[in-house]
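Colleague: Have a look at this one.
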Number of protein chains: 8
Amino acid sequence: MLKIYLSGEIHTDWRERIIAGADGLDISFSAPVTDHAASDDCGVAILGDEADKYWHDHKGAMVNAIRTRKGIAEADIVVVRFGDKYKQWNAAFDAGYAAALGKSLIVLQPAEHDHALKEVNAAALAVAREPEQVVDILRYVLDGALPG
Amino acid sequence: MLKIYLSGEIHTDWRERIIAGADGLDISFSAPVTDHAASDDCGVAILGDEADKYWHDHKGAMVNAIRTRKGIAEADIVVVRFGDKYKQWNAAFDAGYAAALGKSLIVLQPAEHDHALKEVNAAALAVAREPEQVVDILRYVLDGALPG
Amino acid sequence: MLKIYLSGEIHTDWRERIIAGADGLDISFSAPVTDHAASDDCGVAILGDEADKYWHDHKGAMVNAIRTRKGIAEADIVVVRFGDKYKQWNAAFDAGYAAALGKSLIVLQPAEHDHALKEVNAAALAVAREPEQVVDILRYVLDGALPG
Amino acid sequence: MLKIYLSGEIHTDWRERIIAGADGLDISFSAPVTDHAASDDCGVAILGDEADKYWHDHKGAMVNAIRTRKGIAEADIVVVRFGDKYKQWNAAFDAGYAAALGKSLIVLQPAEHDHALKEVNAAALAVAREPEQVVDILRYVLDGALPG
Amino acid sequence: MLKIYLSGEIHTDWRERIIAGADGLDISFSAPVTDHAASDDCGVAILGDEADKYWHDHKGAMVNAIRTRKGIAEADIVVVRFGDKYKQWNAAFDAGYAAALGKSLIVLQPAEHDHALKEVNAAALAVAREPEQVVDILRYVLDGALPG
Amino acid sequence: MLKIYLSGEIHTDWRERIIAGADGLDISFSAPVTDHAASDDCGVAILGDEADKYWHDHKGAMVNAIRTRKGIAEADIVVVRFGDKYKQWNAAFDAGYAAALGKSLIVLQPAEHDHALKEVNAAALAVAREPEQVVDILRYVLDGALPG
Amino acid sequence: MLKIYLSGEIHTDWRERIIAGADGLDISFSAPVTDHAASDDCGVAILGDEADKYWHDHKGAMVNAIRTRKGIAEADIVVVRFGDKYKQWNAAFDAGYAAALGKSLIVLQPAEHDHALKEVNAAALAVAREPEQVVDILRYVLDGALPG
Amino acid sequence: MLKIYLSGEIHTDWRERIIAGADGLDISFSAPVTDHAASDDCGVAILGDEADKYWHDHKGAMVNAIRTRKGIAEADIVVVRFGDKYKQWNAAFDAGYAAALGKSLIVLQPAEHDHALKEVNAAALAVAREPEQVVDILRYVLDGALPG
């Protein structure tokens with residue numbers, strides 16, 4: 001079985017497209033919590049309010065790290081998606097974290113980010129433009145079958 | 001001796017300020033090549049031109065990775081600086097890479113990036129605003145002396 | 001599945017409250033032997049009496065270590081509970097052991113111990129006051145669901 | 001050369017007695033910052049005040065962890081001293097951390113703590129009562145010479 | 001269960017002979033994609049054409065590495081087959097990769113390559129001439145039964 | 001589930017007594033091939049005769065190492081039995097191998113070997129005299145139940 | 001200081017050209033024994049003759065492995081040279097070994113081997129054609145200086 | 001520099017012969033304490049008497065382990081000598097410990113032990129009969145020079 005962690009951008013349906021496309025393949029997917037509000041507030045919602053926004057964020061990021069670390073540590077392949085908006089430093093952080101653990105890294109990004117992502121891409125085994133290409137890679141890795 | 005790798009933004013004098021401030025301390029610093037043009041072109045300048053800009057960038061990023069990996073692998077502390085401009089995904093990648101190796105991580109960033117960097121900061125042992133605070137940490141870690 | 005090791009204080013029902021609260025979640029729990037007398041005497045009860053109380057304790061601690069090491073090594077998350085009484089050095093030892101292995105650490109402790117536990121807390125991804133908060137974290141990590 | 005990290009109690013002169021006793025041996029010692037006030041306040045003194053005492057402590061503990069982790073990671077032997085007072089959970093945490101890294105552990109403690117420390121002692125290669133015994137071990141390990 | 005990765009030569013039926021011979025044993029086999037054309041073209045077929053043959057090959061080799069790395073990393077035993085033709089550097093590369101990970105290595109090769117393979121063989125636990133000998137080893141390792 | 005590797009002496013029924021005694025416990029046992037003749041001859045029986053007895057032995061020892069390494073690597077606990085006869089260096093070798101991997105080690109030996117085994121015992125978490133004591137340890141580690 | 005291991009082909013002066021070109025740089029080089037006859041015969045010359053050529057080779061390969069393993073294990077960068085002749089499986093083995101250890105890999109090879117080496121190249125951070133390009137990379141990695 | 005740990009038999013002058021023979025080579029040697037009485041009694045001499053001979057031995061073996069572990073952990077090569085007398089289980093234990101750490105292992109033993117040591121030898125890169133052969137290996141590994 002292939003274990004895949006889907007890291008990065010949470011505003012489009014790329015995870016759903018990969019998971020749907022991989023239907024029937026022997027793959028288990030994991031991902032961060034993609035509910036933006038829950039992800040931001042989980043720390044204080046569970047462990048108590050913070051007066052200072054910095055610590056509000058910090059408590060949430062720490063709780064989310066429990067999930068993220070397990071997801072990456074158990075994955076065979078980490079797919080990191082960079083989208084059009086926001087800083088997305090957590091995506092790049094996950095890519096670095098996965099690379100240092102020796103995980104197979106697939107970067108999913110639009111071509112206009114090629115230059116800015118060149119160090120991240122240099123650690124990857126594939127750079128894809130569309131979620132369907134990621135599905136094609138997963139199918140090939142499992143079954144040796146090429147698209148078309 | 002403390003070994004420090006200074007990762008991230010290359011457009012201001014933050015590295016020089018840390019190195020100058022740490023004068024006299026038992027510290028060895030390393031860093032990426034900070035000459036932007038050399039860093040971008042090193043791959044093709046040494047190994048031959050590429051028609052495709054993607055591979056031009058790729059060859060350079062791979063050569064730079066030789067230096068970056070060694071610098072991070074040998075460091076006790078990795079300082080990652082985020083500035084005002086650009087995507088800076090290589091900085092976040094280095095932070096993730098260092099975190100996965102168990103390096104002590106210090107993030108140097110302006111407060112306006114606190115929310116966007118919350119996952120990176122959650123992996124750090126210190127978040128500083130000014131290079132001089134990094135120097136103060138290094139001095140304290142080595143000698144136990146606080147500023148002022 | 002999340003694997004959780006529940007380390008520390010054995011005189012209150014905090015483990016039962018976590019396990020009951022997590023009913024229905026995909027979690028497997030492990031813990032030290034919490035029968036105080038059995039835990040103290042297991043070494044000599046199995047391997048033969050010792051004239052010297054030090055070695056009596058030592059033989060037992062070694063046998064218990066077989067269980068503890070396996071529990072921590074296999075855990076995704078180590079929850080360490082500090083209570084009101086006793087030295088509880090074994091709890092802090094387990095926390096350090098888990099931290100060095102890179103386990104996600106949750107500390108469960110009353111606020112009056114905050115200062116004394118600051119180094120332990122600094123290695124944790126969450127510091128909770130009540131067992132139910134630990135359950136909330138586990139549910140969130142698994143399902144992304146916040147309480148309330 | 002033997003590298004020794006001296007962890008734990010900071011209110012008596014046990015470190016000085018070991019270092020003085022080991023004079024002339026090929027040993028390098030490291031230790032946490034033992035100035036209690038500096039150790040408690042280093043985080044806020046360098047990185048800025050915190051309104052909340054919990055985060056005041058946290059920032060300091062994180063900065064101190066930079067030094068502690070390096071000291072333990074580079075040590076051949078970690079000596080952990082437990083004294084008569086305080087919770088000393090940081091000492092037990094360091095012992096667990098060192099044990100998980102496979103460091104040779106020496107516990108230095110009064111006999112009245114034998115039972116409470118039995119799990120810590122079970123991970124140690126020696127349990128000493130006096131700093132001079134630690135010196136004798138270090139001399140023997142280096143030179144094969146026994147006392148007297 | 002024994003997990004076996006079958007690396008190397010893809011032009012004869014040695015994999016089929018091993019798998020058939022091991023029928024009924026508690027073994028799971030994995031292998032690279034052995035369709036030569038698919039293996040050569042998988043990168044560009046999925047991720048887009050390359051004008052330069054070097055990068056055409058490179059993209060394919062990277063995608064294949066996702067499968068190869070997982071196969072070797074999860075294997076108990078890596079069998080590497082060297083045949084009569086071609087450079088077969090990927091086979092020797094896999095052998096070195098497996099050796100560095102501490103995998104049990106079985107080399108399957110004709111005797112005329114003994115001298116050229118002496119460094120590879122020196123890292124192996126068995127050097128076999130025929131696939132059926134590999135089957136005999138696997139049966140013995142699992143069940144203790146010798147052939148004949 | 002506890003995974004146990006039973007290393008060492010192959011001339012008495014100690015393995016059978018442990019396995020029978022542990023009936024009903026959630027334990028999986030592995031062991032070397034205990035058929036002395038098969039173990040000695042497996043190399044040449046499968047891979048071809050050797051004129052030189054040294055290489056005859058060598059080929060067999062290498063094949064047996066495939067099984068031994070997997071058994072130890074996957075075990076939670078390695079039990080090493082020393083009997084009355086023979087050099088039994090392979091047993092001591094396995095004990096050292098297991099200790100370096102951080103496995104929980106149980107030594108099973110008659111008291112007359114205490115002095116000769118003191119370095120091996122110093123790496124163990126329990127030293128037992130009878131197979132039934134090993135069973136008692138396994139039951140206690142799994143269920144917390146003491147004998148009697 | 002950069003530590004470089006120069007693996008592979010021993011019939012041309014590529015090592016000398018790299019070492020001479022790197023004169024004045026802070027680099028330490030290591031390499032296998034490049035005296036072909038000594039390398040082939042070291043085992044029997046030191047440890048005694050073997051009637052069987054296979055074991056003659058084996059003894060030598062094992063002794064050479066002592067040097068090779070140390071050289072690769074201590075290197076920051078492993079340069080592997082493939083020439084025009086011979087099987088050179090030991091070179092590819094070293095490349096795989098280095099890759100699995102996470103070493104920075106530079107492949108030095110003529111273009112006609114590109115296709116046959118595509119899996120090896122996929123693990124490399126640079127593929128050079130001439131020894132002088134390797135020197136240029138080393139100078140750039142150390143000093144940030146590009147050629148010309 | 002080569003770092004060598006000389007383990008095993010302490011009743012003949014084999015260590016002195018190796019060290020003398022290696023005079024002028026860039027080698028650093030370490031070894032256990034070879035004063036038999038000191039080695040047996042170091043635990044109680046430093047840490048206090050034990051009524052029970054088992055614990056007398058245990059305390060000494062633990063203190064000696066501090067030295068042994070450091071010696072093996074830092075060594076490039078572990079030489080293990082088996083002599084004519086005694087059980088020498090500590091030698092075989094060290095061999096297993098070194099093998100599991102991936103150290104280059106040289107076994108020094110008389111031919112009459114070949115069969116009993118076949119598993120130990122199977123983990124070694126060289127099996128020598130005389131200390132001078134070990135010296136020849138060390139010289140060859142360092143300088144590529146063969147004897148005679």
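Just so we're on the same page: first chain in the structure tokens is A, next is B, and so on; residues restart at 1 for each chain, and ligands are numbered from 1 in the order they show up.
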Near Val79 (chain H), counting only C-alpha atoms, which residues have an atom at most 9 Å away, once you skip same-chain residues fewer than 2 positions from it, shown as a list of chain:residue names?
Modeller: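 Here the answer would be H:Ile4, H:Tyr5, H:Leu6, H:Ser7, H:Gly8, H:Ile77, H:Arg81, H:Ala95, H:Ser104, H:Leu105, H:Ile106, H:Val107, H:Leu108, H:Val134.
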Colleague: Take the residues from that selection and put them in a file with N, CA, C and O atoms, as a short mmCIF file (atom, residue, chain, number, x, y, z; two decimals), in the first residue's frame.
Modeller:
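out-v3.cif, written as the output of this step:
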data_model
loop_
_atom_site.label_atom_id
_atom_site.label_comp_id
_atom_site.auth_asym_id
_atom_site.auth_seq_id
_atom_site.Cartn_x
_atom_site.Cartn_y
_atom_site.Cartn_z
N ILE H 4 41.01 2.74 16.14
CA ILE H 4 40.90 1.29 16.31
C ILE H 4 40.57 0.96 17.75
O ILE H 4 41.20 1.48 18.67
N TYR H 5 39.59 0.12 17.94
CA TYR H 5 39.32 -0.41 19.28
C TYR H 5 39.77 -1.86 19.33
O TYR H 5 39.38 -2.67 18.47
N LEU H 6 40.56 -2.19 20.33
CA LEU H 6 41.14 -3.52 20.47
C LEU H 6 40.41 -4.27 21.58
O LEU H 6 40.69 -4.09 22.76
N SER H 7 39.48 -5.12 21.19
CA SER H 7 38.63 -5.81 22.15
C SER H 7 39.08 -7.24 22.38
O SER H 7 39.67 -7.88 21.51
N GLY H 8 38.78 -7.79 23.53
CA GLY H 8 38.94 -9.23 23.76
C GLY H 8 40.09 -9.58 24.67
O GLY H 8 40.45 -8.81 25.56
N ILE H 77 37.43 0.85 13.12
CA ILE H 77 37.66 -0.59 13.04
C ILE H 77 37.68 -1.16 14.45
O ILE H 77 38.33 -0.60 15.33
N ARG H 81 39.85 -10.06 19.55
CA ARG H 81 40.78 -11.17 19.70
C ARG H 81 40.17 -12.28 20.56
O ARG H 81 39.71 -12.01 21.68
N ALA H 95 31.89 -7.92 19.52
CA ALA H 95 31.84 -8.12 18.07
C ALA H 95 30.42 -7.88 17.55
O ALA H 95 30.21 -7.23 16.52
N SER H 104 33.66 -1.63 10.86
CA SER H 104 34.49 -2.64 10.21
C SER H 104 35.08 -3.53 11.29
O SER H 104 35.71 -3.05 12.23
N LEU H 105 34.87 -4.82 11.13
CA LEU H 105 35.25 -5.78 12.17
C LEU H 105 36.38 -6.66 11.66
O LEU H 105 36.30 -7.21 10.56
N ILE H 106 37.44 -6.76 12.47
CA ILE H 106 38.53 -7.71 12.19
C ILE H 106 38.58 -8.69 13.35
O ILE H 106 38.67 -8.27 14.51
N VAL H 107 38.51 -9.98 13.04
CA VAL H 107 38.60 -11.01 14.08
C VAL H 107 40.00 -11.59 14.05
O VAL H 107 40.53 -11.89 12.98
N LEU H 108 40.58 -11.71 15.23
CA LEU H 108 41.94 -12.25 15.38
C LEU H 108 41.81 -13.51 16.22
O LEU H 108 41.51 -13.41 17.42
N VAL H 134 47.11 -8.07 11.36
CA VAL H 134 46.26 -6.90 11.62
C VAL H 134 47.01 -5.62 11.29
O VAL H 134 46.47 -4.70 10.66
#
Colleague: Need to verify the contact set: region 53-60 of chain H, 9 Å, only C-alpha atoms, exclusion of same-chain residues closer than 5 positions in sequence. Can you return it as number ranges by chain?
Modeller: C: 55; D: 125-126; F: 114-115, 118-119, 121-122; H: 38-45, 47, 65
Colleague: Mind listing as a list of chain:residue names which residues of chain C are within 7 Å of chain F, counting only C-alpha atoms?
Modeller: C:Val33, C:Ala38, C:Cys42, C:Ile46, C:Leu47, C:Met62, C:Val63, C:Ile66, C:Arg67, C:Lys70
Colleague: Among the residues of region 15-148 of chain C, find those DSSP assigns to strand (DSSP E) from the backbone and print them as a count of residues only.
Modeller: 17
Colleague: Record the distance separating CA of Asp23 (chain E) and CA of Phe93 (chain E), expressed in Å with one decimal.
Modeller: 28.7 Å
Colleague: Residues of region 11-88 of chain G in helix (DSSP H, G or I) according to DSSP, as an MDAnalysis selection string?
Modeller: chainID G and resid 14:21 36:47 53:74
